[in-house]
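Colleague: Handing you this structure, nothing more for now.
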Amino acid sequence: MHVFIAGANGQIGQHLLREMADSDHEARAMIRHLDQGPELQQMGATETVLGDLEQDCSEAMKGCDAVIFAAGSGPHTGPDKTIDVDQDGAIRLIDTARAMGIKRFIMVSSMHAEEPEKGPEKLRHYLQAKHNADEHLKNSGLNYTIVRPGQLTNDEGSGKVAVNARLEGFGKIPRQDVARVLLAVLESDTTTNRVFDVVSGDTPVPEALAKL
Ligand code: NAP
């Protein structure tokens, strides 16, 4: 598949490119700055393309069969960017995918995005933005999968996870394992139109997804 990756230069995005390097898929990494390109191509991007989620990305998405949204405004920008990128940027990308006939859309969301008001107070604005984007995706008619990781870490991945439609608490998961889950979702038949939480666990990723 030709896969368009939003947030390819991010921490999950870079792990994903490394995982995809050994796959049969073509990874089109969307970047915001040209100088990010060579390193990402060394990691595994088949090609890089300039784009910004706050603008129209249709030119950058041409010819792709699937989208993985691994972008985020991050903790160092204000609440306005959470709306501009995590919510409206995601919604614009979903609408563009639909308009272009790109049918598969995989979203990196977050645990507690289902019910933002029950999440930690300092995260509620972010969780509401993720919630709004997730709901838009669910109602888009696209073949979607919404992956909701717990707290991200930079530990080495174990390749083993716990997944469920809803998990209690707010467990942790290495970004490398989130990337493995994203690639496995792309290749699985069981995750279409599914939403699930994922944290570190005892079950190898493909086996965990097969049980969903
Ligand atoms: P990250 O390292 O901050 O990467 C975010 C990526 O988004 C970067 O590549 C950044 O581009 C890109 N981006 C930001 N604004 C953009 C825009 N306007 N247009 C295009 N790209 C843009 O994030 P991460 O650690 O990989 O995490 C990915 C996502 O996981 C988070 O954003 C969050 O929504 C979700 N998540 C996080 C947690 C957590 O514990 N932190 C938990 C659950 C879910 P540049 O490289 O050019 O800056």
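By convention here, the chains of the structure tokens are called A, B, ... in the order presented, each chain's residues are numbered starting at 1, and ligands are numbered starting at 1 in the order presented.
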Tell me, as a PyMOL selection string, which residues lie within 9 Å of segment 6-15 of chain A, counting only C-alpha atoms; anything in the same chain fewer than 3 positions away does not count.

Modeller: chain A and resi 18-20+28-32+36-37+40+43-45+51-53+67-72+154+175-180

Colleague: Report the residues of segment 15-147 of chain A whose backbone DSSP state falls under helix (DSSP H, G or I), written as a PyMOL selection string.

Modeller: chain A and resi 15-21+34-43+58-61+79-100+116-118+121-138

Colleague: Quick one: everything within 7 Å of Val108 of chain A, counting only C-alpha atoms, minus sequence neighbours fewer than 2 positions away in the same chain. Send it as JSON, numbers by chain.

Modeller: {"A": [69, 70, 106, 110, 146, 147, 148]}

Colleague: Only N, CA and C atoms, please: the residues just picked out, written as a PDB file, in the first residue's frame.

Modeller:
ATOM      1  N   PHE A  69      -2.420   9.031  10.801  1.00  0.00           N
ATOM      2  CA  PHE A  69      -2.301  10.344  11.455  1.00  0.00           C
ATOM      3  C   PHE A  69      -1.558  10.139  12.776  1.00  0.00           C
ATOM      4  N   ALA A  70      -0.271  10.500  12.797  1.00  0.00           N
ATOM      5  CA  ALA A  70       0.536  10.361  14.016  1.00  0.00           C
ATOM      6  C   ALA A  70       1.047  11.726  14.463  1.00  0.00           C
ATOM      7  N   ILE A 106      -6.037   5.592   9.602  1.00  0.00           N
ATOM      8  CA  ILE A 106      -5.654   5.101  10.931  1.00  0.00           C
ATOM      9  C   ILE A 106      -5.244   6.307  11.779  1.00  0.00           C
ATOM     10  N   SER A 110      -5.924   8.959  21.829  1.00  0.00           N
ATOM     11  CA  SER A 110      -5.398   8.851  23.191  1.00  0.00           C
ATOM     12  C   SER A 110      -6.416   8.166  24.097  1.00  0.00           C
ATOM     13  N   ILE A 146      -9.110   3.578  15.134  1.00  0.00           N
ATOM     14  CA  ILE A 146      -8.676   4.596  16.086  1.00  0.00           C
ATOM     15  C   ILE A 146      -7.905   3.890  17.197  1.00  0.00           C
ATOM     16  N   VAL A 147      -6.611   4.209  17.269  1.00  0.00           N
ATOM     17  CA  VAL A 147      -5.702   3.575  18.225  1.00  0.00           C
ATOM     18  C   VAL A 147      -5.505   4.555  19.383  1.00  0.00           C
ATOM     19  N   ARG A 148      -5.834   4.126  20.592  1.00  0.00           N
ATOM     20  CA  ARG A 148      -5.763   5.037  21.741  1.00  0.00           C
ATOM     21  C   ARG A 148      -4.704   4.589  22.739  1.00  0.00           C
TER      22      ARG A 148
END

Colleague: In Å, rounded to a single decimal, give me how far atom CA of Val161 of chain A is from atom CA of Glu135 of chain A.

Modeller: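 These two atoms are separated by 24.8 Å.
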
Colleague: Can you pull out the residues contacting Ala208 of chain A? Cut-off 12 Å, using only C-alpha atoms, and skip same-chain residues under 2 positions away; I want them as a list in words.

Modeller: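 Near Ala208 of chain A, the qualifying residues are Gly159, Lys160, Val161, Ala162, Val163, Asn164, Ala165, Arg180, Val181, Ala184, Val185, Ser188, Thr190, Thr191, Phe196, Asp197, Val198, Val199, Ser200, Gly201, Asp202, Thr203, Pro204, Val205, Pro206, Ala210, Lys211 and Leu212 of chain A.
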
Colleague: Using the chain letters and numbers from this document, which residues of chain A does DSSP assign to strand (DSSP E or B), as a ChimeraX atom specification?

Modeller: /A:2-6,26-31,47-50,66-69,104-108,143-149,151-153,160-164,172-174,194-200,203-204

Colleague: Okay, now the selection with C-alpha atoms, as a short mmCIF file (atom, residue, chain, number, x, y, z; two decimals), in the first residue's frame?

Modeller:
data_model
loop_
_atom_site.label_atom_id
_atom_site.label_comp_id
_atom_site.auth_asym_id
_atom_site.auth_seq_id
_atom_site.Cartn_x
_atom_site.Cartn_y
_atom_site.Cartn_z
CA HIS A 2 1.03 3.62 -0.52
CA VAL A 3 0.73 5.10 2.95
CA PHE A 4 0.58 8.81 3.71
CA ILE A 5 2.00 9.58 7.16
CA ALA A 6 1.11 12.85 8.92
CA GLU A 26 5.54 2.56 0.49
CA ALA A 27 5.79 5.23 3.18
CA ARG A 28 5.15 8.81 2.07
CA ALA A 29 6.32 10.98 4.92
CA MET A 30 4.78 14.43 5.15
CA ILE A 31 7.26 16.94 6.56
CA GLU A 47 9.53 9.56 -0.26
CA THR A 48 9.02 12.81 1.60
CA VAL A 49 6.57 15.52 0.71
CA LEU A 50 6.10 19.02 2.10
CA ALA A 66 -4.12 4.86 3.29
CA VAL A 67 -3.45 7.61 5.82
CA ILE A 68 -1.83 7.29 9.23
CA PHE A 69 -2.30 10.34 11.46
CA ARG A 104 -8.27 3.67 4.86
CA PHE A 105 -7.54 6.03 7.77
CA ILE A 106 -5.65 5.10 10.93
CA MET A 107 -5.71 7.63 13.76
CA VAL A 108 -3.37 7.90 16.74
CA ASN A 143 -12.52 2.44 6.82
CA TYR A 144 -11.09 3.69 10.06
CA THR A 145 -9.12 2.41 13.01
CA ILE A 146 -8.68 4.60 16.09
CA VAL A 147 -5.70 3.57 18.23
CA ARG A 148 -5.76 5.04 21.74
CA PRO A 149 -2.39 4.66 23.48
CA GLN A 151 1.04 7.53 28.29
CA LEU A 152 3.87 7.41 25.76
CA THR A 153 7.43 6.58 26.83
CA LYS A 160 3.85 -7.01 23.66
CA VAL A 161 0.69 -5.09 24.45
CA ALA A 162 -2.72 -5.18 26.09
CA VAL A 163 -5.57 -3.96 23.89
CA ASN A 164 -9.25 -3.57 24.56
CA LYS A 172 2.08 3.40 29.64
CA ILE A 173 3.40 2.23 26.29
CA PRO A 174 6.68 2.85 24.46
CA ARG A 194 -12.62 -0.43 15.48
CA VAL A 195 -11.54 1.81 18.35
CA PHE A 196 -9.26 0.45 21.03
CA ASP A 197 -7.03 1.43 23.94
CA VAL A 198 -3.49 0.05 24.00
CA VAL A 199 -0.84 -0.13 26.72
CA SER A 200 2.14 -2.39 27.40
CA THR A 203 0.52 -10.42 24.24
CA PRO A 204 2.45 -10.07 20.97
#

Colleague: Using only C-alpha atoms, which protein or nucleic acid residues come within 7 Å of segment 73-85 of chain A? Drop anything in the same chain fewer than 6 positions from it, and give the result as a PyMOL selection string.

Modeller: chain A and resi 53-54+126+129

Colleague: Between A:His112, A:Arg124, A:Lys118, A:His25, which is the closest to ligand 1 once you count only C-alpha atoms and all ligand atoms?

Modeller: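 For ligand 1, the nearest of the given residues is A:His112.
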
Colleague: Compare A:Ser140, A:Gln55, A:Ser158, A:Asn193 by their minimum atom-to-atom distance to ligand 1, counting only C-alpha atoms and all ligand atoms, and give me the closest one.

Modeller: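 Ranked by minimum distance to ligand 1, first place goes to A:Gln55.
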
Colleague: Which residue out of A:Gly141, A:Leu182, A:Thr46, A:Ala99 has the minimum interatomic distance to ligand 1 when only C-alpha atoms and all ligand atoms are used?

Modeller: A:Leu182
